[in-house]
Structures are given as C-alpha cells and as structure tokens.
>>> print(open('input.csv').read())   # CSV, C-alpha atoms
chain,number,residue,atom,x,y,z
A,1,MET,CA,0.0,0.0,0.0
A,2,TRP,CA,1.3,3.5,-0.9
A,3,ARG,CA,1.4,6.0,1.9
A,4,ALA,CA,2.0,9.6,1.3
A,5,SER,CA,5.2,11.1,2.6
A,6,LYS,CA,6.6,14.6,2.6
A,7,GLY,CA,7.8,15.5,-0.9
A,8,ASP,CA,5.6,13.0,-2.8
A,9,ALA,CA,3.8,14.4,-5.7
A,10,VAL,CA,0.6,12.8,-7.1
A,11,SER,CA,-0.8,15.7,-9.1
A,12,TYR,CA,0.2,18.1,-11.8
A,13,TRP,CA,-1.0,21.0,-9.8
A,14,PRO,CA,1.4,22.1,-7.0
A,15,ASP,CA,-1.4,23.2,-4.7
A,16,CYS,CA,-3.3,19.8,-4.6
A,17,ASP,CA,-3.3,17.6,-1.6
A,18,ILE,CA,-2.0,14.1,-1.7
A,19,PRO,CA,-3.9,11.1,-0.4
A,20,GLU,CA,-3.1,9.9,3.1
A,21,PHE,CA,-3.0,6.3,1.7
A,22,TYR,CA,-3.7,4.6,-1.6
A,23,ASP,CA,-3.9,1.0,-2.6
A,24,GLU,CA,-4.7,-0.6,-6.0
A,25,THR,CA,-5.4,-4.3,-6.5
A,26,TYR,CA,-6.6,-6.3,-9.5
A,27,PRO,CA,-9.1,-8.9,-8.2
A,28,ARG,CA,-11.7,-11.0,-10.1
A,29,ALA,CA,-15.2,-9.6,-9.6
A,30,LYS,CA,-17.4,-11.8,-7.4
A,31,LYS,CA,-20.4,-9.8,-8.5
A,32,GLU,CA,-21.1,-7.1,-11.1
A,33,HIS,CA,-19.6,-3.6,-10.5
A,34,ARG,CA,-20.0,-0.4,-12.5
A,35,CYS,CA,-16.8,1.2,-13.9
A,36,CYS,CA,-16.3,4.7,-12.5
A,37,GLU,CA,-14.8,5.8,-15.9
A,38,CYS,CA,-16.9,4.5,-18.8
A,39,TYR,CA,-19.9,3.5,-16.6
A,40,GLY,CA,-20.0,0.1,-18.2
A,41,ILE,CA,-20.5,-3.1,-16.3
A,42,ILE,CA,-17.6,-5.1,-14.9
A,43,LYS,CA,-18.9,-8.6,-15.1
A,44,ALA,CA,-18.6,-11.3,-12.4
A,45,GLY,CA,-15.4,-13.2,-13.1
A,46,GLU,CA,-13.7,-10.3,-14.9
A,47,ARG,CA,-10.5,-8.8,-13.6
A,48,TYR,CA,-10.8,-5.2,-12.7
A,49,ALA,CA,-8.8,-2.4,-10.8
A,50,ARG,CA,-10.0,-1.8,-7.3
A,51,CYS,CA,-8.6,1.5,-6.0
A,52,VAL,CA,-9.0,2.6,-2.4
A,53,GLY,CA,-7.6,5.4,-0.4
A,54,LYS,CA,-8.2,8.5,1.7
A,55,PHE,CA,-8.1,11.9,0.0
A,56,ASP,CA,-9.0,15.2,1.5
A,57,GLY,CA,-10.5,13.5,4.6
A,58,ALA,CA,-12.8,11.2,2.6
A,59,ILE,CA,-12.3,7.5,2.0
A,60,PHE,CA,-12.9,6.3,-1.5
A,61,SER,CA,-13.2,2.9,-3.2
A,62,GLU,CA,-13.5,2.8,-7.0
A,63,ALA,CA,-13.8,0.0,-9.5
A,64,GLN,CA,-12.5,0.4,-13.0
A,65,HIS,CA,-12.2,-1.9,-16.1
A,66,THR,CA,-8.5,-2.8,-16.5
A,67,PHE,CA,-8.7,-1.3,-20.0
A,68,CYS,CA,-10.0,2.0,-18.6
A,69,ARG,CA,-7.2,2.0,-16.0
A,70,ASP,CA,-4.7,1.4,-18.7
A,71,PHE,CA,-6.2,4.2,-20.8
A,72,GLY,CA,-5.9,6.5,-17.9
A,73,ALA,CA,-2.2,5.8,-17.8
A,74,GLU,CA,-2.0,6.7,-21.6
A,75,VAL,CA,-3.7,10.0,-20.8
A,76,ASN,CA,-1.2,10.6,-18.0
A,77,ARG,CA,1.6,10.0,-20.4
A,78,ALA,CA,0.1,12.6,-22.8
A,79,TRP,CA,0.2,15.0,-19.9
A,80,GLY,CA,3.9,14.2,-19.3
A,81,ASP,CA,3.4,11.9,-16.3
A,82,ASP,CA,6.5,11.3,-14.2
A,83,GLY,CA,5.0,8.2,-12.7
A,84,LYS,CA,3.6,9.9,-9.6
A,85,CYS,CA,0.5,11.4,-11.1
A,86,PHE,CA,-3.0,10.1,-11.6
A,87,ILE,CA,-6.3,11.3,-13.0
A,88,ALA,CA,-9.1,11.9,-10.6
A,89,PHE,CA,-11.6,9.0,-10.8
A,90,GLY,CA,-14.3,9.6,-13.3
A,91,ASP,CA,-12.3,12.5,-14.8
A,92,ILE,CA,-10.8,11.1,-18.0
A,93,ASN,CA,-13.1,13.3,-20.2
A,94,ASN,CA,-11.7,16.5,-18.6
A,95,SER,CA,-8.2,15.2,-18.7
A,96,ILE,CA,-8.4,14.5,-22.4
A,97,ALA,CA,-9.9,18.0,-23.0
A,98,ASN,CA,-7.0,19.6,-21.1
A,99,ALA,CA,-4.3,17.4,-22.6
A,100,SER,CA,-3.9,19.9,-25.4
A,101,GLU,CA,-2.0,22.0,-22.9
A,102,PHE,CA,0.8,19.4,-23.0
A,103,ALA,CA,0.2,17.2,-26.0
A,104,GLY,CA,0.1,17.9,-29.7
A,105,PRO,CA,-3.3,18.0,-31.6
A,106,GLU,CA,-2.7,14.6,-33.2
A,107,ASP,CA,-2.2,13.0,-29.8
A,108,VAL,CA,-5.4,14.6,-28.4
A,109,ILE,CA,-7.4,13.4,-31.4
A,110,ALA,CA,-6.0,9.9,-31.0
A,111,LEU,CA,-6.9,9.9,-27.2
A,112,GLN,CA,-10.4,11.1,-28.0
A,113,ALA,CA,-10.9,8.4,-30.6
A,114,MET,CA,-9.6,5.7,-28.2
A,115,TRP,CA,-11.9,7.0,-25.4
A,116,ALA,CA,-14.9,7.0,-27.7
A,117,ALA,CA,-14.2,3.3,-28.5
A,118,ILE,CA,-13.8,2.4,-24.8
A,119,ARG,CA,-17.1,4.2,-23.9
A,120,ALA,CA,-18.9,2.4,-26.8
A,121,ARG,CA,-17.6,-0.9,-25.5
A,122,GLY,CA,-18.9,-0.1,-22.0
A,123,ARG,CA,-22.3,0.8,-23.3
A,124,ARG,CA,-22.5,-2.4,-25.4
A,125,ASP,CA,-21.6,-4.5,-22.3
A,126,ALA,CA,-24.2,-2.7,-20.2
A,127,VAL,CA,-26.9,-3.5,-22.8
A,128,LYS,CA,-26.0,-7.2,-22.9
A,129,SER,CA,-26.4,-7.5,-19.1
>>> encode(input="input.csv", output="structure tokens")
Amino acid sequence: MWRASKGDAVSYWPDCDIPEFYDETYPRAKKEHRCCECYGIIKAGERYARCVGKFDGAIFSEAQHTFCRDFGAEVNRAWGDDGKCFIAFGDINNSIANASEFAGPEDVIALQAMWAAIRARGRRDAVKS
C-alpha cells in the first residue's frame, strides 16, 4: 500500500493535496460492478482495478475496467506523467480535453478516438447484461 510522505507528488497542480493512503489491486469480480470511468458493467469473473484510499479527509473505493485504467495511464503519459500522477476517478473526459496544454493536436485526437471506442464498449456491455 502506498502511503504519502513529505515531498511525494501525485498531481500536476502544485497546490493539490496528496492522499493519506492509496492501494490498488486487481481482483476478479465476485459480482457485477460499475466502472467509474466508462460507466460500463464489470462482469462477475472479470479482472478489474479496485482503487481505495483517503483523500482530503474522505475514504474512496472505486472500480475500473482494466482497459479503462490502462487508458488513464495513456492520458497521464500525454500529460507528461512522471510516474507519480494520476487522473481523478471519473475525470478522463476533462483530462483529455485539457491534454492539449501538454500534447500535440494529433495526440489529443487519438486519445479522443480511443476513449470513444472504450465508452462504446462499456455501453455495449451494459446493454448485454
């Protein structure tokens, strides 16, 4: 489990707080969950990212498809991630929109296209359930 220590950075913005603790696991779902990014269904038996921690005094626990989590890492790289940053849960859309501050227009267009495909997959999975 990651615990914040003085000097750790987990945000691009210097005035942001860092979480008191953070843990990420990749269990198999015992029941259906809803992905906090694409809002699609994480089916029972599927591996997913379970992220828990405490930020700004509030405990959080989020479930994400592994492909949504991986895509978030791609968006971080477009932002110039140094390995200590992350996108706020459920905030990939805003992060892509703001990526133009750091990435070229071709990269932003590619990220938007990949995200549209991921969102469409999540909607298809939700309809099938």
>>> residues_around(input="input.csv", residues="Asp107 (chain A)", least_positions_apart="6", cutoff="10 Å", atoms="all atoms listed in the file", output="PDB file with C-alpha atoms, in the frame of the given file")
ATOM      1  CA  VAL A  75      -3.700  10.000 -20.800  1.00  0.00           C
ATOM      2  CA  ALA A  78       0.100  12.600 -22.800  1.00  0.00           C
ATOM      3  CA  ILE A  96      -8.400  14.500 -22.400  1.00  0.00           C
ATOM      4  CA  ALA A  99      -4.300  17.400 -22.600  1.00  0.00           C
ATOM      5  CA  SER A 100      -3.900  19.900 -25.400  1.00  0.00           C
ATOM      6  CA  ALA A 113     -10.900   8.400 -30.600  1.00  0.00           C
TER       7      ALA A 113
END
>>> atom_distance(input="input.csv", atom1="CA of Cys68 (chain A)", atom2="CA of Tyr26 (chain A)")
12.8 Å
>>> atom_distance(input="input.csv", atom1="CA of Ile41 (chain A)", atom2="CA of His65 (chain A)")
8.4 Å
>>> residues_around(input="input.csv", residues="region 29-31 of chain A", least_positions_apart="4", cutoff="6 Å", atoms="only C-alpha atoms", output="VMD selection string")
chain A and resid 44 to 46
>>> residues_near_point(input="input.csv", point="(-12.4, 6.3, 0.2)", cutoff="12 Å", atoms="only C-alpha atoms", output="list in words")
Pro19, Glu20, Phe21, Tyr22, Asp23, Arg50, Cys51, Val52, Gly53, Lys54, Phe55, Asp56, Gly57, Ala58, Ile59, Phe60, Ser61, Glu62, Ala63 and Phe89 of chain A
>>> atom_distance(input="input.csv", atom1="CA of Ser95 (chain A)", atom2="CA of Asn76 (chain A)")
8.4 Å
>>> closest_residue(input="input.csv", among="A:Arg121, A:Arg28, A:Arg69, A:His33", to="Arg47 (chain A)", atoms="only C-alpha atoms")
A:Arg28
>>> closest_residue(input="input.csv", among="A:Gln64, A:Asn98, A:Ile18, A:Tyr48", to="Cys35 (chain A)", atoms="all atoms listed in the file")
A:Gln64
>>> closest_residue(input="input.csv", among="A:Ala120, A:Ala110, A:Trp115, A:Phe102", to="Gly40 (chain A)", atoms="only C-alpha atoms")
A:Ala120
>>> closest_residue(input="input.csv", among="A:Leu111, A:Glu24, A:Pro105, A:Ala117", to="Thr66 (chain A)", atoms="all atoms listed in the file")
A:Glu24
>>> closest_residue(input="input.csv", among="A:Ala49, A:Cys36, A:Ala97, A:Ile42", to="Ile109 (chain A)", atoms="only C-alpha atoms")
A:Ala97
>>> closest_residue(input="input.csv", among="A:Lys43, A:Asn93, A:Met114, A:Arg119", to="Phe71 (chain A)", atoms="all atoms listed in the file")
A:Met114
